[in-house]
Amino acid sequence: MVDFSDKCVVLKTSDYRENDKLAKVLTAEHGLVTVKLTGVKKAKAKLKAFAQEFSVFDTRLTGGKSAFLTPIEPLLIRDGFSLCSDLKVFTAASVAAEAAVSSIGDAEPHTELFLEFLKLISNLTKPELDPYYQAAVFMLRLMEISGFFRMYNYSEQPKTPIQMLGYAQKMGYGKAPDDDLSRRALKYICSEFERNFDTGLKSVASIDLYAN
C-alpha cells in the first residue's frame, strides 16, 4: 500500500479509457509517479486543472496493487493553462518536461530536479523572457544534475550556440541577449542530451516552428 503527501508537478498526460487520464507527475520527495485522474475529460470535471501539463499541486497520493496512484483532495497551487496557450512557450515547456521524464530511471527522490522545473515554469509565465532561453538554462541544469556536466565557452556577447550555452551557464534564467541564438542553443543542448541518454526528444521537432 502506497500512501504519502507531496507537492507535484505534471510533466506529461495521456488518455486512459473513456473519461480518464494518466499523468506522469514529478513529486518533490517521492520521485516520478503515475497518477490516474478519473473523469477529467468530462466537461465539468473537478480535477480538470490537475490533468493539465505543467500544473502544480499539493495532494495525498494513495495506491494498492495498481501501478497508478490516486490523488486525495488535491490543492491546486498553479494551473498549467497559461503555459499551453502560447505555442512557443508550450514547446519550450514540453521539451523540458520530456527530457526530465527521460532522465529519471528510478523511483528515488529528485528534489533538485523538481525545484529546477518549478523555476523554469515560473520564468515561462513572464512574457518579456524568451522561452527557448529559459528552456536551454533548464536543460543545462538537468544535464548537470544527471551527471553530464560540461563547461561551455562564455562570452558577454555570444555569437554561436556554444557561447550562448556558456552565457546561460553563468547568467542563469532571465533575459537572453539574442532570441534566435537561444533557439539554436536549445536545439544544441537537446542534441547533447539525446546523445548522452541515448534517446530521442519528439518535442524538439517543434522548436523551429515558432522561431521569431
# chains A, B, ... in the order shown; residues from 1 in each chain; ligands from 1

call {"tool": "select_by_dssp", "arguments": {"residues": "range 6-209 of chain A", "states": "helix (DSSP H, G or I)", "output": "VMD selection string"}}
result
chain A and resid 48 to 51 81 to 84 87 to 103 111 to 124 131 to 145 161 to 171 179 to 197 202 to 209

call {"tool": "residues_around", "arguments": {"residues": "range 16-18 of chain A", "least_positions_apart": "2", "cutoff": "10 Å", "atoms": "only C-alpha atoms", "output": "ChimeraX atom specification"}}
result
/A:13-14,20-23,36-42

call {"tool": "write_last_selection", "arguments": {"atoms": "all heavy atoms", "output": "short mmCIF file (atom, residue, chain, number, x, y, z; two decimals), in the first residue's frame"}}
result
data_model
loop_
_atom_site.label_atom_id
_atom_site.label_comp_id
_atom_site.auth_asym_id
_atom_site.auth_seq_id
_atom_site.Cartn_x
_atom_site.Cartn_y
_atom_site.Cartn_z
N THR A 13 0.75 14.04 -19.82
CA THR A 13 -0.53 13.36 -19.64
C THR A 13 -0.85 12.52 -20.87
O THR A 13 -0.37 12.80 -21.97
CB THR A 13 -1.68 14.35 -19.40
OG1 THR A 13 -1.85 15.18 -20.56
CG2 THR A 13 -1.43 15.20 -18.18
N SER A 14 -1.68 11.52 -20.68
CA SER A 14 -2.13 10.68 -21.79
C SER A 14 -3.55 10.20 -21.49
O SER A 14 -3.95 10.08 -20.33
CB SER A 14 -1.20 9.48 -21.99
OG SER A 14 -1.11 8.70 -20.81
N ASP A 20 -10.91 9.20 -18.49
CA ASP A 20 -9.80 9.36 -17.56
C ASP A 20 -8.51 9.75 -18.26
O ASP A 20 -8.39 9.66 -19.49
CB ASP A 20 -9.56 8.04 -16.79
CG ASP A 20 -10.82 7.51 -16.13
OD1 ASP A 20 -11.76 8.31 -15.92
OD2 ASP A 20 -10.85 6.31 -15.84
N LYS A 21 -7.55 10.19 -17.47
CA LYS A 21 -6.21 10.47 -17.97
C LYS A 21 -5.18 9.92 -16.99
O LYS A 21 -5.44 9.80 -15.80
CB LYS A 21 -5.99 11.98 -18.16
CG LYS A 21 -6.62 12.54 -19.42
CD LYS A 21 -6.08 13.93 -19.74
CE LYS A 21 -6.56 14.43 -21.09
NZ LYS A 21 -5.92 15.71 -21.46
N LEU A 22 -4.01 9.61 -17.53
CA LEU A 22 -2.86 9.25 -16.71
C LEU A 22 -1.87 10.40 -16.78
O LEU A 22 -1.64 10.97 -17.86
CB LEU A 22 -2.21 7.97 -17.21
CG LEU A 22 -3.06 6.70 -17.16
CD1 LEU A 22 -2.26 5.52 -17.71
CD2 LEU A 22 -3.54 6.40 -15.74
N ALA A 23 -1.30 10.74 -15.66
CA ALA A 23 -0.34 11.84 -15.61
C ALA A 23 0.99 11.35 -15.05
O ALA A 23 1.02 10.69 -14.01
CB ALA A 23 -0.88 12.97 -14.75
N LYS A 36 -3.53 8.47 -11.75
CA LYS A 36 -4.76 8.31 -12.52
C LYS A 36 -5.74 9.40 -12.11
O LYS A 36 -6.06 9.57 -10.93
CB LYS A 36 -5.39 6.94 -12.26
CG LYS A 36 -6.69 6.70 -13.04
CD LYS A 36 -7.29 5.35 -12.70
CE LYS A 36 -8.63 5.16 -13.37
NZ LYS A 36 -9.28 3.88 -12.97
N LEU A 37 -6.20 10.17 -13.09
CA LEU A 37 -7.15 11.25 -12.86
C LEU A 37 -8.48 10.85 -13.47
O LEU A 37 -8.66 10.87 -14.69
CB LEU A 37 -6.62 12.55 -13.47
CG LEU A 37 -5.27 13.01 -12.87
CD1 LEU A 37 -4.60 14.02 -13.77
CD2 LEU A 37 -5.50 13.59 -11.49
N THR A 38 -9.39 10.46 -12.63
CA THR A 38 -10.65 9.86 -13.06
C THR A 38 -11.67 10.92 -13.47
O THR A 38 -11.88 11.90 -12.76
CB THR A 38 -11.24 9.00 -11.92
OG1 THR A 38 -10.28 8.01 -11.54
CG2 THR A 38 -12.52 8.32 -12.36
N GLY A 39 -12.27 10.71 -14.65
CA GLY A 39 -13.36 11.55 -15.11
C GLY A 39 -12.98 12.93 -15.58
O GLY A 39 -13.85 13.79 -15.78
N VAL A 40 -11.68 13.20 -15.79
CA VAL A 40 -11.25 14.57 -16.08
C VAL A 40 -11.57 15.02 -17.51
O VAL A 40 -11.45 16.21 -17.82
CB VAL A 40 -9.74 14.74 -15.83
CG1 VAL A 40 -9.43 14.62 -14.36
CG2 VAL A 40 -8.92 13.73 -16.63
N LYS A 41 -11.99 14.11 -18.37
CA LYS A 41 -12.36 14.52 -19.73
C LYS A 41 -13.83 14.93 -19.83
O LYS A 41 -14.28 15.36 -20.90
CB LYS A 41 -12.04 13.39 -20.72
CG LYS A 41 -10.54 13.21 -20.93
CD LYS A 41 -10.21 12.32 -22.11
CE LYS A 41 -10.37 10.87 -21.76
NZ LYS A 41 -9.94 9.97 -22.85
N LYS A 42 -14.54 14.84 -18.73
CA LYS A 42 -15.92 15.34 -18.71
C LYS A 42 -15.91 16.86 -18.61
O LYS A 42 -14.99 17.45 -18.04
CB LYS A 42 -16.68 14.73 -17.52
CG LYS A 42 -16.85 13.21 -17.63
CD LYS A 42 -17.61 12.68 -16.42
CE LYS A 42 -17.78 11.17 -16.52
NZ LYS A 42 -18.50 10.62 -15.33
#

call {"tool": "residues_around", "arguments": {"residues": "Pro71 in chain A", "least_positions_apart": "2", "cutoff": "9 Å", "atoms": "only C-alpha atoms", "output": "list of chain:residue names"}}
result
A:Val35, A:Lys36, A:Leu37, A:Thr59, A:Arg60, A:Leu61, A:Thr62, A:Leu69, A:Glu73, A:Pro74

call {"tool": "residues_around", "arguments": {"residues": "range 152-163 of chain A", "least_positions_apart": "3", "cutoff": "6 Å", "atoms": "only C-alpha atoms", "output": "PyMOL selection string"}}
result
chain A and resi 166-167+184-185

call {"tool": "write_last_selection", "arguments": {"atoms": "N, CA, C and O atoms", "output": "mmCIF file, in the first residue's frame"}}
result
data_model
loop_
_atom_site.group_PDB
_atom_site.id
_atom_site.type_symbol
_atom_site.label_atom_id
_atom_site.label_comp_id
_atom_site.auth_asym_id
_atom_site.auth_seq_id
_atom_site.Cartn_x
_atom_site.Cartn_y
_atom_site.Cartn_z
ATOM 1 N N GLY A 166 27.289 28.834 -22.841
ATOM 2 C CA GLY A 166 28.208 29.327 -21.823
ATOM 3 C C GLY A 166 27.629 30.517 -21.076
ATOM 4 O O GLY A 166 27.762 30.628 -19.849
ATOM 5 N N TYR A 167 26.966 31.406 -21.816
ATOM 6 C CA TYR A 167 26.294 32.553 -21.211
ATOM 7 C C TYR A 167 25.188 32.074 -20.270
ATOM 8 O O TYR A 167 25.055 32.574 -19.138
ATOM 9 N N ARG A 184 18.730 28.241 -31.269
ATOM 10 C CA ARG A 184 19.778 27.343 -31.761
ATOM 11 C C ARG A 184 20.524 26.683 -30.608
ATOM 12 O O ARG A 184 20.903 25.509 -30.678
ATOM 13 N N ALA A 185 20.711 27.423 -29.520
ATOM 14 C CA ALA A 185 21.377 26.857 -28.347
ATOM 15 C C ALA A 185 20.528 25.760 -27.705
ATOM 16 O O ALA A 185 21.055 24.729 -27.267
#

call {"tool": "residues_around", "arguments": {"residues": "Gly63 in chain A", "least_positions_apart": "4", "cutoff": "9 Å", "atoms": "only C-alpha atoms", "output": "ChimeraX atom specification"}}
result
/A:1-3,67-70

call {"tool": "write_last_selection", "arguments": {"atoms": "C-alpha atoms", "output": "PDB file, in the first residue's frame"}}
result
ATOM      1  CA  MET A   1       0.000   0.000   0.000  1.00  0.00           C
ATOM      2  CA  VAL A   2       1.344   3.416  -1.027  1.00  0.00           C
ATOM      3  CA  ASP A   3       0.185   6.436   0.937  1.00  0.00           C
ATOM      4  CA  ALA A  67       0.701   0.931 -10.905  1.00  0.00           C
ATOM      5  CA  PHE A  68      -1.405   4.108 -10.763  1.00  0.00           C
ATOM      6  CA  LEU A  69      -1.785   6.385  -7.763  1.00  0.00           C
ATOM      7  CA  THR A  70      -4.947   8.276  -6.856  1.00  0.00           C
TER       8      THR A  70
END

call {"tool": "closest_atom_pairs", "arguments": {"of": "range 93-168 of chain A", "to": "range 199-207 of chain A", "cutoff": "9 Å", "atoms": "only C-alpha atoms", "output": "Markdown table"}}
result
| residue | atom | partner | partner_atom | distance |
| --- | --- | --- | --- | --- |
| A:Ser94 | CA | A:Ser203 | CA | 6.2 |
| A:Val95 | CA | A:Ser203 | CA | 5.2 |
| A:Ala96 | CA | A:Ser203 | CA | 8.9 |
| A:Glu98 | CA | A:Leu201 | CA | 6.7 |
| A:Ala99 | CA | A:Leu201 | CA | 6.9 |
| A:Ser102 | CA | A:Thr199 | CA | 7.6 |
| A:Tyr132 | CA | A:Ile207 | CA | 8.2 |

call {"tool": "closest_residue", "arguments": {"among": "A:Leu87, A:Leu124, A:Leu129, A:Ala28", "to": "Glu108 in chain A", "atoms": "only C-alpha atoms"}}
result
A:Ala28

call {"tool": "residues_around", "arguments": {"residues": "range 47-56 of chain A", "least_positions_apart": "3", "cutoff": "6 Å", "atoms": "only C-alpha atoms", "output": "PyMOL selection string"}}
result
chain A and resi 8-12+40+77-80

call {"tool": "write_last_selection", "arguments": {"atoms": "all heavy atoms", "output": "mmCIF file, in the first residue's frame"}}
result
data_model
loop_
_atom_site.group_PDB
_atom_site.id
_atom_site.type_symbol
_atom_site.label_atom_id
_atom_site.label_comp_id
_atom_site.auth_asym_id
_atom_site.auth_seq_id
_atom_site.Cartn_x
_atom_site.Cartn_y
_atom_site.Cartn_z
ATOM 1 N N CYS A 8 3.482 18.272 -6.218
ATOM 2 C CA CYS A 8 3.558 17.598 -7.516
ATOM 3 C C CYS A 8 3.570 18.604 -8.657
ATOM 4 O O CYS A 8 2.967 19.681 -8.560
ATOM 5 C CB CYS A 8 2.348 16.673 -7.713
ATOM 6 S SG CYS A 8 2.036 15.506 -6.367
ATOM 7 N N VAL A 9 4.225 18.221 -9.743
ATOM 8 C CA VAL A 9 4.124 18.982 -10.982
ATOM 9 C C VAL A 9 3.896 17.978 -12.114
ATOM 10 O O VAL A 9 4.570 16.946 -12.186
ATOM 11 C CB VAL A 9 5.384 19.845 -11.241
ATOM 12 C CG1 VAL A 9 6.649 19.002 -11.286
ATOM 13 C CG2 VAL A 9 5.222 20.650 -12.536
ATOM 14 N N VAL A 10 2.920 18.254 -12.959
ATOM 15 C CA VAL A 10 2.571 17.353 -14.049
ATOM 16 C C VAL A 10 3.518 17.578 -15.225
ATOM 17 O O VAL A 10 3.612 18.687 -15.750
ATOM 18 C CB VAL A 10 1.112 17.557 -14.509
ATOM 19 C CG1 VAL A 10 0.785 16.633 -15.677
ATOM 20 C CG2 VAL A 10 0.154 17.316 -13.355
ATOM 21 N N LEU A 11 4.207 16.517 -15.648
ATOM 22 C CA LEU A 11 5.123 16.614 -16.777
ATOM 23 C C LEU A 11 4.499 16.140 -18.084
ATOM 24 O O LEU A 11 4.827 16.650 -19.154
ATOM 25 C CB LEU A 11 6.389 15.791 -16.494
ATOM 26 C CG LEU A 11 7.213 16.192 -15.274
ATOM 27 C CD1 LEU A 11 8.459 15.320 -15.174
ATOM 28 C CD2 LEU A 11 7.595 17.661 -15.324
ATOM 29 N N LYS A 12 3.597 15.179 -18.004
ATOM 30 C CA LYS A 12 3.039 14.593 -19.226
ATOM 31 C C LYS A 12 1.708 13.935 -18.899
ATOM 32 O O LYS A 12 1.548 13.339 -17.838
ATOM 33 C CB LYS A 12 4.017 13.544 -19.792
ATOM 34 C CG LYS A 12 3.564 12.863 -21.061
ATOM 35 C CD LYS A 12 4.603 11.829 -21.503
ATOM 36 C CE LYS A 12 4.165 11.104 -22.762
ATOM 37 N NZ LYS A 12 5.166 10.070 -23.169
ATOM 38 N N VAL A 40 -11.683 13.197 -15.791
ATOM 39 C CA VAL A 40 -11.248 14.570 -16.085
ATOM 40 C C VAL A 40 -11.574 15.023 -17.507
ATOM 41 O O VAL A 40 -11.450 16.211 -17.817
ATOM 42 C CB VAL A 40 -9.736 14.744 -15.831
ATOM 43 C CG1 VAL A 40 -9.435 14.623 -14.356
ATOM 44 C CG2 VAL A 40 -8.922 13.735 -16.627
ATOM 45 N N ILE A 77 -1.940 24.661 -6.763
ATOM 46 C CA ILE A 77 -1.044 25.767 -6.473
ATOM 47 C C ILE A 77 -0.918 26.679 -7.690
ATOM 48 O O ILE A 77 -0.955 27.897 -7.586
ATOM 49 C CB ILE A 77 0.344 25.239 -6.052
ATOM 50 C CG1 ILE A 77 0.229 24.415 -4.764
ATOM 51 C CG2 ILE A 77 1.330 26.394 -5.869
ATOM 52 C CD1 ILE A 77 1.501 23.712 -4.369
ATOM 53 N N ARG A 78 -0.772 26.058 -8.859
ATOM 54 C CA ARG A 78 -0.665 26.825 -10.112
ATOM 55 C C ARG A 78 -1.176 25.950 -11.251
ATOM 56 O O ARG A 78 -0.733 24.812 -11.406
ATOM 57 C CB ARG A 78 0.781 27.234 -10.372
ATOM 58 C CG ARG A 78 1.017 27.807 -11.766
ATOM 59 C CD ARG A 78 2.488 28.126 -11.997
ATOM 60 N NE ARG A 78 2.903 29.322 -11.305
ATOM 61 C CZ ARG A 78 4.171 29.722 -11.205
ATOM 62 N NH1 ARG A 78 5.134 29.001 -11.738
ATOM 63 N NH2 ARG A 78 4.465 30.831 -10.562
ATOM 64 N N ASP A 79 -2.108 26.471 -12.041
ATOM 65 C CA ASP A 79 -2.566 25.686 -13.182
ATOM 66 C C ASP A 79 -1.582 25.835 -14.343
ATOM 67 O O ASP A 79 -0.757 26.741 -14.361
ATOM 68 C CB ASP A 79 -3.992 26.075 -13.604
ATOM 69 C CG ASP A 79 -4.076 27.456 -14.223
ATOM 70 O OD1 ASP A 79 -3.364 27.715 -15.217
ATOM 71 O OD2 ASP A 79 -4.868 28.276 -13.729
ATOM 72 N N GLY A 80 -1.674 24.921 -15.293
ATOM 73 C CA GLY A 80 -0.745 24.942 -16.416
ATOM 74 C C GLY A 80 -1.320 25.532 -17.685
ATOM 75 O O GLY A 80 -0.655 25.522 -18.724
#

call {"tool": "select_by_dssp", "arguments": {"residues": "range 63-165 of chain A", "states": "strand (DSSP E)", "output": "mmCIF file with N, CA and C atoms, in the first residue's frame"}}
result
data_model
loop_
_atom_site.group_PDB
_atom_site.id
_atom_site.type_symbol
_atom_site.label_atom_id
_atom_site.label_comp_id
_atom_site.auth_asym_id
_atom_site.auth_seq_id
_atom_site.Cartn_x
_atom_site.Cartn_y
_atom_site.Cartn_z
ATOM 1 N N GLY A 63 -2.281 4.278 -3.323
ATOM 2 C CA GLY A 63 -2.326 3.236 -4.334
ATOM 3 C C GLY A 63 -2.122 1.866 -3.725
ATOM 4 N N THR A 70 -3.732 7.468 -6.843
ATOM 5 C CA THR A 70 -4.947 8.276 -6.856
ATOM 6 C C THR A 70 -4.768 9.493 -5.963
ATOM 7 N N PRO A 71 -5.057 10.700 -6.470
ATOM 8 C CA PRO A 71 -4.952 11.896 -5.627
ATOM 9 C C PRO A 71 -6.159 12.028 -4.704
ATOM 10 N N ILE A 72 -5.899 12.409 -3.469
ATOM 11 C CA ILE A 72 -6.960 12.609 -2.488
ATOM 12 C C ILE A 72 -7.004 14.086 -2.109
ATOM 13 N N GLU A 73 -8.112 14.743 -2.424
ATOM 14 C CA GLU A 73 -8.324 16.149 -2.119
ATOM 15 C C GLU A 73 -7.120 17.020 -2.503
ATOM 16 N N PRO A 74 -6.757 17.020 -3.782
ATOM 17 C CA PRO A 74 -5.601 17.837 -4.209
ATOM 18 C C PRO A 74 -5.895 19.325 -4.089
ATOM 19 N N LEU A 75 -4.836 20.085 -3.802
ATOM 20 C CA LEU A 75 -4.942 21.535 -3.690
ATOM 21 C C LEU A 75 -4.101 22.156 -4.794
ATOM 22 N N LEU A 76 -4.744 22.886 -5.702
ATOM 23 C CA LEU A 76 -4.049 23.469 -6.840
ATOM 24 C C LEU A 76 -3.215 24.667 -6.401
ATOM 25 N N ILE A 77 -1.940 24.661 -6.763
ATOM 26 C CA ILE A 77 -1.044 25.767 -6.473
ATOM 27 C C ILE A 77 -0.918 26.679 -7.690
ATOM 28 N N ARG A 78 -0.772 26.058 -8.859
ATOM 29 C CA ARG A 78 -0.665 26.825 -10.112
ATOM 30 C C ARG A 78 -1.176 25.950 -11.251
#

call {"tool": "closest_residue", "arguments": {"among": "A:Ile145, A:Leu26, A:Met151, A:Ala135", "to": "Ser122 in chain A", "atoms": "only C-alpha atoms"}}
result
A:Ala135

call {"tool": "atom_distance", "arguments": {"atom1": "CA of Ala107 in chain A", "atom2": "CA of Lys24 in chain A"}}
result
12.5 Å

call {"tool": "atom_distance", "arguments": {"atom1": "CA of Asp130 in chain A", "atom2": "CA of Tyr173 in chain A"}}
result
9.9 Å

call {"tool": "closest_residue", "arguments": {"among": "A:Phe197, A:Pro109, A:Ala92, A:Pro131", "to": "Asp178 in chain A", "atoms": "only C-alpha atoms"}}
result
A:Pro131
